[in-house]
>>> print(open('run14.tsv').read())   # TSV, C-alpha atoms
chain	number	residue	atom	x	y	z
A	1232	MET	CA	-70.89	-10.84	21.70
A	1233	VAL	CA	-67.48	-10.66	23.36
A	1234	SER	CA	-66.04	-14.06	24.17
A	1235	ALA	CA	-64.53	-14.93	27.54
A	1236	LEU	CA	-61.10	-15.12	25.91
A	1237	GLU	CA	-61.37	-11.66	24.34
A	1238	ARG	CA	-62.59	-10.20	27.65
A	1239	ARG	CA	-59.73	-11.69	29.63
A	1240	ILE	CA	-57.12	-10.60	27.09
A	1241	THR	CA	-58.53	-7.05	27.11
A	1242	GLU	CA	-58.44	-6.99	30.91
A	1243	SER	CA	-54.86	-8.22	30.90
A	1244	LEU	CA	-53.79	-5.58	28.35
A	1245	ASP	CA	-55.59	-2.82	30.29
A	1246	SER	CA	-53.80	-3.93	33.43
A	1247	ARG	CA	-50.45	-3.73	31.71
A	1248	ILE	CA	-51.26	-0.28	30.32
A	1249	SER	CA	-52.21	0.98	33.80
A	1250	ARG	CA	-48.85	-0.26	35.16
A	1251	SER	CA	-46.86	1.09	32.19
A	1252	ILE	CA	-45.53	-2.37	31.33
A	1253	LEU	CA	-47.27	-2.94	27.99
A	1254	ARG	CA	-44.72	-3.59	25.27
A	1255	ARG	CA	-45.40	-3.06	21.57
A	1256	VAL	CA	-43.68	-3.84	18.29
A	1257	ASP	CA	-43.66	-0.41	16.65
A	1258	ARG	CA	-42.32	0.81	13.36
A	1259	PRO	CA	-38.54	1.13	13.83
A	1260	SER	CA	-37.04	4.60	14.11
A	1261	SER	CA	-33.51	4.10	12.85
A	1262	ALA	CA	-31.16	4.91	10.02
A	1263	GLU	CA	-32.82	2.04	8.16
A	1264	ASN	CA	-35.77	4.27	7.25
A	1265	GLY	CA	-33.89	7.56	7.05
A	1266	SER	CA	-34.19	8.58	10.70
A	1267	PRO	CA	-31.33	10.72	12.04
A	1268	LEU	CA	-31.58	8.99	15.44
A	1269	VAL	CA	-28.58	7.12	16.82
A	1270	ASP	CA	-29.27	3.77	18.48
A	1271	PHE	CA	-27.49	3.47	21.83
A	1272	SER	CA	-29.37	0.33	22.94
A	1273	SER	CA	-28.21	-2.04	20.20
A	1274	ASN	CA	-26.28	-5.21	21.01
A	1275	ASP	CA	-24.29	-4.70	17.79
A	1276	TYR	CA	-21.33	-3.77	19.96
A	1277	LEU	CA	-18.68	-3.80	17.22
A	1278	SER	CA	-20.89	-2.35	14.43
A	1279	LEU	CA	-20.19	-5.43	12.35
A	1280	SER	CA	-23.74	-5.47	11.02
A	1281	THR	CA	-22.95	-2.36	8.99
A	1282	ASN	CA	-19.37	-3.22	8.09
A	1283	PRO	CA	-19.09	-3.09	4.27
A	1284	ASP	CA	-16.20	-5.60	4.05
A	1285	LEU	CA	-18.02	-8.18	6.13
A	1286	ARG	CA	-21.20	-7.64	4.13
A	1287	LYS	CA	-19.32	-8.16	0.85
A	1288	LYS	CA	-17.65	-11.37	2.03
A	1289	PHE	CA	-20.92	-12.68	3.43
A	1290	LEU	CA	-22.80	-12.13	0.17
A	1291	GLU	CA	-19.96	-13.68	-1.83
A	1292	LYS	CA	-20.06	-16.76	0.38
A	1293	LEU	CA	-23.82	-17.06	-0.03
A	1294	SER	CA	-23.59	-16.79	-3.81
A	1295	ASN	CA	-21.14	-19.72	-3.89
A	1296	THR	CA	-23.13	-21.94	-1.53
A	1297	GLN	CA	-25.66	-24.42	-2.92
A	1298	LEU	CA	-27.90	-25.05	0.09
A	1299	ILE	CA	-29.02	-21.74	1.55
A	1300	LEU	CA	-32.84	-21.73	1.20
A	1301	GLY	CA	-34.78	-23.90	3.60
A	1302	SER	CA	-33.60	-26.76	5.77
A	1303	GLY	CA	-35.91	-29.46	4.44
A	1304	GLY	CA	-36.48	-30.68	7.98
A	1305	SER	CA	-34.93	-30.82	11.43
A	1306	ARG	CA	-31.33	-31.91	11.87
A	1307	LEU	CA	-32.53	-35.20	13.36
A	1308	LEU	CA	-34.38	-35.93	10.11
A	1309	ASP	CA	-33.10	-34.67	6.77
A	1310	GLY	CA	-32.10	-31.08	7.57
A	1311	ASN	CA	-28.57	-31.90	8.65
A	1312	THR	CA	-25.70	-30.79	6.40
A	1313	SER	CA	-21.92	-30.81	6.35
A	1314	ALA	CA	-22.09	-27.04	6.93
A	1315	HIS	CA	-23.53	-27.68	10.41
A	1316	PHE	CA	-20.76	-30.11	11.30
A	1317	ASN	CA	-18.03	-27.93	9.82
A	1318	LEU	CA	-19.17	-24.87	11.76
A	1319	GLU	CA	-19.53	-26.82	15.01
A	1320	THR	CA	-16.02	-28.18	14.55
A	1321	ARG	CA	-14.67	-24.67	13.97
A	1322	LEU	CA	-16.48	-23.39	17.06
A	1323	LYS	CA	-15.22	-26.30	19.18
A	1324	ASP	CA	-11.65	-25.58	18.16
A	1325	PHE	CA	-12.00	-21.78	18.43
A	1326	PHE	CA	-13.47	-21.84	21.94
A	1327	ASN	CA	-11.20	-24.69	23.06
A	1328	GLY	CA	-14.08	-26.95	24.09
A	1329	PRO	CA	-14.72	-30.71	23.86
A	1330	SER	CA	-17.64	-30.17	21.48
A	1331	ALA	CA	-20.06	-27.56	20.14
A	1332	LEU	CA	-23.76	-27.63	19.29
A	1333	LEU	CA	-25.66	-25.04	17.25
A	1334	PHE	CA	-29.04	-23.62	18.24
A	1335	ASN	CA	-31.36	-21.22	16.45
A	1336	SER	CA	-30.77	-18.53	19.08
A	1337	GLY	CA	-29.26	-17.90	22.48
A	1338	PHE	CA	-32.77	-18.01	23.91
A	1339	ASP	CA	-33.32	-21.49	22.48
A	1340	ALA	CA	-29.95	-22.65	23.79
A	1341	ASN	CA	-30.64	-21.49	27.34
A	1342	VAL	CA	-34.09	-23.04	27.36
A	1343	ALA	CA	-32.69	-26.32	26.01
A	1344	LEU	CA	-29.80	-26.45	28.47
A	1345	PHE	CA	-31.79	-25.80	31.60
A	1346	SER	CA	-34.85	-27.83	30.61
A	1347	THR	CA	-32.98	-31.00	29.62
A	1348	LEU	CA	-29.79	-31.30	31.69
A	1349	PRO	CA	-31.18	-31.20	35.26
A	1350	GLN	CA	-32.75	-34.51	36.28
A	1351	PRO	CA	-35.13	-35.46	39.12
A	1352	GLY	CA	-33.41	-34.90	42.46
A	1353	ASP	CA	-30.98	-32.32	41.05
A	1354	ILE	CA	-30.75	-28.74	42.30
A	1355	ILE	CA	-30.68	-25.52	40.23
A	1356	ILE	CA	-29.15	-22.34	41.67
A	1357	ILE	CA	-29.05	-19.24	39.44
A	1358	ASP	CA	-28.05	-15.61	39.75
A	1359	SER	CA	-31.06	-13.43	40.53
A	1360	LEU	CA	-30.41	-11.23	37.45
A	1361	ILE	CA	-29.77	-14.00	34.94
A	1362	HIS	CA	-31.44	-13.97	31.51
A	1363	ALA	CA	-35.18	-14.66	31.45
A	1364	SER	CA	-34.57	-17.51	29.00
A	1365	VAL	CA	-32.76	-19.40	31.77
A	1366	TRP	CA	-35.85	-19.07	33.93
A	1367	ASP	CA	-37.99	-20.44	31.09
A	1368	GLY	CA	-35.71	-23.44	30.84
A	1369	CYS	CA	-35.68	-24.04	34.59
A	1370	ARG	CA	-39.46	-24.03	34.79
A	1371	SER	CA	-39.60	-26.76	32.15
A	1372	SER	CA	-36.91	-28.94	33.72
A	1373	ARG	CA	-37.33	-32.15	35.69
A	1374	ALA	CA	-35.83	-30.31	38.66
A	1375	ARG	CA	-38.28	-27.41	38.54
A	1376	GLU	CA	-39.28	-27.98	42.18
A	1377	GLN	CA	-35.69	-27.35	43.28
A	1378	ILE	CA	-34.89	-23.92	41.82
A	1379	SER	CA	-33.42	-21.11	43.91
A	1380	THR	CA	-31.61	-17.84	43.31
A	1381	PHE	CA	-28.66	-16.19	44.99
A	1382	GLU	CA	-28.07	-12.46	45.34
A	1383	HIS	CA	-26.60	-10.97	42.19
A	1384	ASN	CA	-22.83	-11.55	42.00
A	1385	HIS	CA	-22.76	-12.33	45.75
A	1386	LEU	CA	-20.44	-15.24	46.56
A	1387	GLU	CA	-21.56	-15.52	50.18
A	1388	SER	CA	-25.18	-15.80	49.07
A	1389	LEU	CA	-24.25	-18.49	46.54
A	1390	GLU	CA	-22.35	-20.41	49.21
A	1391	GLU	CA	-25.38	-20.28	51.50
A	1392	LYS	CA	-27.59	-21.76	48.76
A	1393	ILE	CA	-25.11	-24.54	48.03
A	1394	GLN	CA	-24.74	-25.35	51.73
A	1395	GLU	CA	-28.52	-25.43	52.03
A	1396	ALA	CA	-28.73	-27.93	49.18
A	1397	TRP	CA	-25.94	-29.98	50.78
A	1398	SER	CA	-27.65	-30.15	54.17
A	1399	ARG	CA	-31.15	-30.89	52.87
A	1400	HIS	CA	-30.44	-33.45	50.18
A	1401	GLU	CA	-28.71	-36.76	50.84
A	1402	GLY	CA	-28.21	-37.25	47.09
A	1403	VAL	CA	-26.16	-34.06	46.92
A	1404	ARG	CA	-23.99	-35.09	49.88
A	1405	ALA	CA	-23.44	-38.51	48.33
A	1406	GLY	CA	-22.55	-36.98	44.97
A	1407	GLU	CA	-25.48	-38.77	43.30
A	1408	ASN	CA	-27.41	-35.61	42.45
A	1409	THR	CA	-26.03	-32.60	40.61
A	1410	VAL	CA	-26.15	-28.96	41.68
A	1411	PHE	CA	-26.44	-26.78	38.57
A	1412	ILE	CA	-25.21	-23.19	38.96
A	1413	GLY	CA	-26.14	-20.66	36.28
A	1414	VAL	CA	-24.47	-17.27	35.80
A	1415	GLU	CA	-23.67	-14.79	33.05
A	1416	THR	CA	-20.16	-13.46	32.56
A	1417	LEU	CA	-21.28	-9.93	31.71
A	1418	TYR	CA	-24.69	-8.61	32.76
A	1419	SER	CA	-25.92	-6.11	30.20
A	1420	MET	CA	-28.40	-4.20	32.37
A	1421	ASP	CA	-25.77	-2.97	34.85
A	1422	GLY	CA	-22.63	-3.72	32.85
A	1423	ASP	CA	-21.00	-5.68	35.67
A	1424	PHE	CA	-18.98	-8.89	35.50
A	1425	ALA	CA	-19.58	-12.07	37.45
A	1426	PRO	CA	-16.80	-12.98	39.92
A	1427	LEU	CA	-16.26	-16.00	37.71
A	1428	ARG	CA	-13.05	-17.35	39.18
A	1429	GLY	CA	-14.53	-17.04	42.66
A	1430	VAL	CA	-17.67	-18.87	41.56
A	1431	ALA	CA	-15.61	-21.72	40.07
A	1432	ASP	CA	-13.48	-21.96	43.23
A	1433	LEU	CA	-16.56	-21.95	45.43
A	1434	VAL	CA	-18.34	-24.68	43.47
A	1435	GLU	CA	-15.30	-26.94	43.64
A	1436	LYS	CA	-14.75	-26.26	47.36
A	1437	THR	CA	-18.34	-26.76	48.53
A	1438	LEU	CA	-19.11	-29.73	46.26
A	1439	PRO	CA	-15.95	-31.83	46.59
A	1440	LYS	CA	-17.49	-34.93	45.02
A	1441	GLY	CA	-17.50	-33.14	41.67
A	1442	ASN	CA	-21.28	-32.85	41.39
A	1443	GLY	CA	-21.30	-29.09	40.88
A	1444	PHE	CA	-22.09	-28.20	37.27
A	1445	LEU	CA	-21.45	-24.61	36.20
A	1446	ILE	CA	-23.26	-23.20	33.15
A	1447	VAL	CA	-22.01	-19.81	31.97
A	1448	ASP	CA	-23.85	-17.52	29.56
A	1449	GLU	CA	-21.29	-15.48	27.57
A	1450	ALA	CA	-23.87	-13.74	25.38
A	1451	HIS	CA	-22.72	-10.20	26.15
A	1452	ALA	CA	-19.00	-11.00	26.41
A	1453	THR	CA	-18.52	-12.95	23.18
A	1454	GLY	CA	-16.55	-10.93	20.64
A	1455	LEU	CA	-15.50	-8.31	23.19
A	1456	TYR	CA	-13.41	-10.04	25.86
A	1457	GLY	CA	-10.78	-12.71	25.89
A	1458	PRO	CA	-8.28	-13.66	23.17
A	1459	SER	CA	-9.84	-13.07	19.75
A	1460	GLY	CA	-13.16	-12.34	21.49
A	1461	LYS	CA	-13.52	-15.82	22.97
A	1462	GLY	CA	-15.18	-14.48	26.11
A	1463	LEU	CA	-14.40	-14.00	29.79
A	1464	VAL	CA	-13.99	-17.72	30.49
A	1465	ALA	CA	-11.11	-17.85	28.02
A	1466	ALA	CA	-9.71	-14.57	29.30
A	1467	LEU	CA	-9.44	-16.12	32.78
A	1468	GLY	CA	-8.20	-19.47	31.51
A	1469	LEU	CA	-11.18	-21.34	32.99
A	1470	GLU	CA	-12.16	-23.42	29.94
A	1471	ASP	CA	-11.34	-26.72	31.67
A	1472	ARG	CA	-13.26	-25.83	34.84
A	1473	ILE	CA	-16.57	-24.75	33.32
A	1474	PRO	CA	-18.48	-27.61	31.63
A	1475	VAL	CA	-20.88	-25.53	29.53
A	1476	ARG	CA	-20.52	-22.11	27.90
A	1477	LEU	CA	-23.17	-20.40	25.81
A	1478	HIS	CA	-22.01	-18.03	23.07
A	1479	THR	CA	-24.36	-16.14	20.77
A	1480	PHE	CA	-23.95	-14.78	17.26
A	1481	GLY	CA	-26.76	-12.25	17.61
A	1482	LYS	CA	-24.89	-9.52	19.48
A	1483	ALA	CA	-21.27	-8.54	18.85
A	1484	LEU	CA	-20.96	-11.09	16.01
A	1485	ALA	CA	-23.81	-9.46	14.04
A	1486	SER	CA	-25.54	-12.66	13.02
A	1487	ASN	CA	-28.04	-15.12	14.48
A	1488	GLY	CA	-27.86	-18.29	16.55
>>> encode(input="run14.tsv", output="structure tokens")
Amino acid sequence: MVSALERRITESLDSRISRSILRRVDRPSSAENGSPLVDFSSNDYLSLSTNPDLRKKFLEKLSNTQLILGSGGSRLLDGNTSAHFNLETRLKDFFNGPSALLFNSGFDANVALFSTLPQPGDIIIIDSLIHASVWDGCRSSRAREQISTFEHNHLESLEEKIQEAWSRHEGVRAGENTVFIGVETLYSMDGDFAPLRGVADLVEKTLPKGNGFLIVDEAHATGLYGPSGKGLVAALGLEDRIPVRLHTFGKALASNG
């Protein structure tokens, strides 16, 4: 007897197949298993994952490190180590920020940022083509009833959304509620850059009480743009005007987190 759950899952899968949107985890076809195919869709932009010198140094570092297997618990319990603090300090100094916090992945970081920072009465405005992980975070936030999008990379559309929030919400006008604006610096699907300086100028102009909070996802720019690969924010000298930047290790930096 087929259960109700099995029936509904089958119907959902059949629907996805009929619309050509079913995704599968298949056996990889890459040089890893002897395939002659070349991967043009990888985020390993600098080919560091196959760099022999980096691999050698990485393995040497692991062999001389005592705590590499298992965390023993979350960082809030007994899984915190000096390695975490040392790396966060290096990242803070490298990216010229007030502090740094590690996450397991860029996905986790986006979800955490957008689900915890916005509070009741706050407004969230995001680019229409922003990472799906940002959407997941927004839907879990305390401001999930006040989420809107602006046209991709369109400053006039963003200004309209901010003005709408200003006119509708007394807390925004009084500077008591925050307007969170989320963008990426480099959008991987189309390969276009956000007009980042224009966005920063617009936020400061339209929210003069300082309650505009810009969150910038540098996932696809880290390692490629800016001095020493610090990203587009650093390239434009906007570190002091953008409160939160997200950088990932899983793309150009050939790692994870």
>>> closest_residue(input="run14.tsv", among="A:Gly1352, A:Ser1330, A:Val1269, A:Pro1283", to="Glu1401 in chain A", atoms="only C-alpha atoms")
A:Gly1352
>>> closest_residue(input="run14.tsv", among="A:Ile1473, A:Val1403, A:Ala1340, A:Ile1393", to="Leu1427 in chain A", atoms="all atoms listed in the file")
A:Ile1473
>>> closest_residue(input="run14.tsv", among="A:Thr1437, A:Gln1377, A:Ser1346, A:Ser1459", to="Arg1404 in chain A", atoms="all atoms listed in the file")
A:Thr1437
>>> closest_residue(input="run14.tsv", among="A:Ser1294, A:Thr1312, A:Ser1372, A:Ser1486", to="Val1342 in chain A", atoms="all atoms listed in the file")
A:Ser1372
>>> residues_around(input="run14.tsv", residues="Leu1433 in chain A", least_positions_apart="4", cutoff="8 Å", atoms="all atoms listed in the file", output="PyMOL selection string")
chain A and resi 1386+1390+1429+1437
>>> closest_residue(input="run14.tsv", among="A:Asp1275, A:Glu1382, A:Glu1395, A:Glu1415", to="Ala1363 in chain A", atoms="all atoms listed in the file")
A:Glu1415
>>> axis_aligned_box(input="run14.tsv", around="range 1290-1306 of chain A", padding_each_side="3 Å", output="AutoDock Vina command-line options")
--center_x -28.2 --center_y -22.0 --center_z 4.0 --size_x 22.5 --size_y 25.8 --size_z 21.8
>>> closest_residue(input="run14.tsv", among="A:Ser1371, A:Asn1274, A:Thr1241, A:Ser1280", to="His1451 in chain A", atoms="only C-alpha atoms")
A:Asn1274
>>> residues_around(input="run14.tsv", residues="Leu1417 in chain A", least_positions_apart="4", cutoff="8 Å", atoms="all atoms listed in the file", output="list in words")
Gly1422, Asp1423, Phe1424, Ala1425, Glu1449, Ala1450, His1451 and Ala1452 of chain A
>>> residues_around(input="run14.tsv", residues="Pro1351 in chain A", least_positions_apart="3", cutoff="10 Å", atoms="only C-alpha atoms", output="ChimeraX atom specification")
/A:1354,1372-1377,1408-1409
>>> atom_distance(input="run14.tsv", atom1="CA of Gly1368 in chain A", atom2="CA of Thr1380 in chain A")
14.3 Å
>>> atom_distance(input="run14.tsv", atom1="CA of Ala1485 in chain A", atom2="CA of Phe1289 in chain A")
11.5 Å
>>> residues_around(input="run14.tsv", residues="Gly1454 in chain A", least_positions_apart="4", cutoff="8 Å", atoms="all atoms listed in the file", output="short mmCIF file (atom, residue, chain, number, x, y, z; two decimals) with C-alpha atoms, in the frame of the given file")
data_model
loop_
_atom_site.label_atom_id
_atom_site.label_comp_id
_atom_site.auth_asym_id
_atom_site.auth_seq_id
_atom_site.Cartn_x
_atom_site.Cartn_y
_atom_site.Cartn_z
CA SER A 1459 -9.84 -13.07 19.75
CA GLY A 1460 -13.16 -12.34 21.49
CA LYS A 1461 -13.52 -15.82 22.97
CA GLY A 1462 -15.18 -14.48 26.11
CA ALA A 1483 -21.27 -8.54 18.85
CA LEU A 1484 -20.96 -11.09 16.01
#
>>> closest_atom_pairs(input="run14.tsv", of="range 1263-1367 of chain A", to="range 1474-1482 of chain A", cutoff="10 Å", atoms="only C-alpha atoms", output="CSV")
residue,atom,partner,partner_atom,distance
A:Ser1273,CA,A:Lys1482,CA,8.2
A:Asn1274,CA,A:Lys1482,CA,4.8
A:Asp1275,CA,A:Lys1482,CA,5.1
A:Tyr1276,CA,A:Lys1482,CA,6.8
A:Leu1277,CA,A:Lys1482,CA,8.7
A:Ser1278,CA,A:Lys1482,CA,9.6
A:Leu1279,CA,A:Lys1482,CA,9.5
A:Ser1280,CA,A:Lys1482,CA,9.4
A:Leu1322,CA,A:His1478,CA,9.8
A:Phe1326,CA,A:Arg1476,CA,9.2
A:Gly1328,CA,A:Pro1474,CA,8.8
A:Pro1329,CA,A:Pro1474,CA,9.2
A:Ser1330,CA,A:Val1475,CA,9.8
A:Ala1331,CA,A:Arg1476,CA,9.5
A:Leu1332,CA,A:Leu1477,CA,9.8
A:Leu1333,CA,A:Thr1479,CA,9.7
A:Phe1334,CA,A:Thr1479,CA,9.2
A:Asn1335,CA,A:Thr1479,CA,9.7
A:Ser1336,CA,A:Thr1479,CA,7.0
A:Gly1337,CA,A:Thr1479,CA,5.5
A:Phe1338,CA,A:Thr1479,CA,9.2
A:Ala1340,CA,A:Leu1477,CA,7.4
A:Asn1341,CA,A:Leu1477,CA,7.7
A:Leu1344,CA,A:Val1475,CA,9.0
>>> write_last_selection(input="run14.tsv", atoms="C-alpha atoms", output="compact mmCIF listing (two decimals), in the coordinates of the input")
# COMPACT_ATOMS: atom_id res chain seq x y z
CA SER A 1273 -28.21 -2.04 20.20
CA ASN A 1274 -26.28 -5.21 21.01
CA ASP A 1275 -24.29 -4.70 17.79
CA TYR A 1276 -21.33 -3.77 19.96
CA LEU A 1277 -18.68 -3.80 17.22
CA SER A 1278 -20.89 -2.35 14.43
CA LEU A 1279 -20.19 -5.43 12.35
CA SER A 1280 -23.74 -5.47 11.02
CA LEU A 1322 -16.48 -23.39 17.06
CA PHE A 1326 -13.47 -21.84 21.94
CA GLY A 1328 -14.08 -26.95 24.09
CA PRO A 1329 -14.72 -30.71 23.86
CA SER A 1330 -17.64 -30.17 21.48
CA ALA A 1331 -20.06 -27.56 20.14
CA LEU A 1332 -23.76 -27.63 19.29
CA LEU A 1333 -25.66 -25.04 17.25
CA PHE A 1334 -29.04 -23.62 18.24
CA ASN A 1335 -31.36 -21.22 16.45
CA SER A 1336 -30.77 -18.53 19.08
CA GLY A 1337 -29.26 -17.90 22.48
CA PHE A 1338 -32.77 -18.01 23.91
CA ALA A 1340 -29.95 -22.65 23.79
CA ASN A 1341 -30.64 -21.49 27.34
CA LEU A 1344 -29.80 -26.45 28.47
>>> residues_around(input="run14.tsv", residues="Ser1379 in chain A", least_positions_apart="2", cutoff="8 Å", atoms="all atoms listed in the file", output="ChimeraX atom specification")
/A:1355-1357,1377,1381,1392
>>> atom_distance(input="run14.tsv", atom1="CA of Ala1405 in chain A", atom2="CA of Ile1378 in chain A")
19.7 Å
>>> decode(input="run14.tsv", residues="range 1342-1358 of chain A", atoms="N, CA, C and O atoms", output="compact mmCIF listing (two decimals), in the first residue's frame")
# COMPACT_ATOMS: atom_id res chain seq x y z
N VAL A 1342 22.08 32.91 5.41
CA VAL A 1342 20.88 32.57 6.18
C VAL A 1342 20.95 33.17 7.57
O VAL A 1342 19.98 33.76 8.08
N ALA A 1343 22.11 33.07 8.21
CA ALA A 1343 22.27 33.61 9.57
C ALA A 1343 22.11 35.12 9.58
O ALA A 1343 21.42 35.68 10.44
N LEU A 1344 22.75 35.80 8.65
CA LEU A 1344 22.70 37.26 8.61
C LEU A 1344 21.27 37.77 8.46
O LEU A 1344 20.81 38.63 9.23
N PHE A 1345 20.57 37.25 7.47
CA PHE A 1345 19.25 37.79 7.16
C PHE A 1345 18.14 37.25 8.05
O PHE A 1345 17.05 37.81 8.08
N SER A 1346 18.41 36.17 8.77
CA SER A 1346 17.38 35.65 9.69
C SER A 1346 17.51 36.23 11.09
O SER A 1346 16.55 36.22 11.85
N THR A 1347 18.69 36.76 11.44
CA THR A 1347 18.89 37.22 12.82
C THR A 1347 19.00 38.74 12.96
O THR A 1347 18.58 39.30 13.97
N LEU A 1348 19.57 39.43 11.97
CA LEU A 1348 19.76 40.87 12.12
C LEU A 1348 18.46 41.68 12.04
O LEU A 1348 18.21 42.52 12.91
N PRO A 1349 17.62 41.48 11.05
CA PRO A 1349 16.37 42.27 10.99
C PRO A 1349 15.44 41.94 12.16
O PRO A 1349 15.21 40.78 12.48
N GLN A 1350 14.91 43.00 12.77
CA GLN A 1350 14.02 42.86 13.92
C GLN A 1350 12.60 43.30 13.55
O GLN A 1350 12.38 43.90 12.50
N PRO A 1351 11.62 43.00 14.41
CA PRO A 1351 10.24 43.41 14.11
C PRO A 1351 10.16 44.91 13.81
O PRO A 1351 10.75 45.73 14.52
N GLY A 1352 9.46 45.25 12.74
CA GLY A 1352 9.34 46.64 12.33
C GLY A 1352 10.38 47.07 11.32
O GLY A 1352 10.24 48.13 10.69
N ASP A 1353 11.43 46.27 11.13
CA ASP A 1353 12.45 46.59 10.13
C ASP A 1353 11.97 46.22 8.73
O ASP A 1353 11.00 45.47 8.56
N ILE A 1354 12.69 46.73 7.73
CA ILE A 1354 12.36 46.50 6.33
C ILE A 1354 13.55 45.82 5.65
O ILE A 1354 14.71 46.16 5.93
N ILE A 1355 13.27 44.88 4.75
CA ILE A 1355 14.32 44.21 3.98
C ILE A 1355 14.06 44.47 2.50
O ILE A 1355 12.98 44.17 1.99
N ILE A 1356 15.06 45.01 1.81
CA ILE A 1356 14.97 45.26 0.37
C ILE A 1356 16.18 44.60 -0.28
O ILE A 1356 17.32 44.92 0.05
N ILE A 1357 15.95 43.67 -1.21
CA ILE A 1357 17.04 42.92 -1.82
C ILE A 1357 16.95 42.95 -3.34
O ILE A 1357 15.87 43.12 -3.92
N ASP A 1358 18.09 42.81 -3.97
CA ASP A 1358 18.13 42.72 -5.44
C ASP A 1358 17.37 41.48 -5.89
O ASP A 1358 17.44 40.42 -5.27
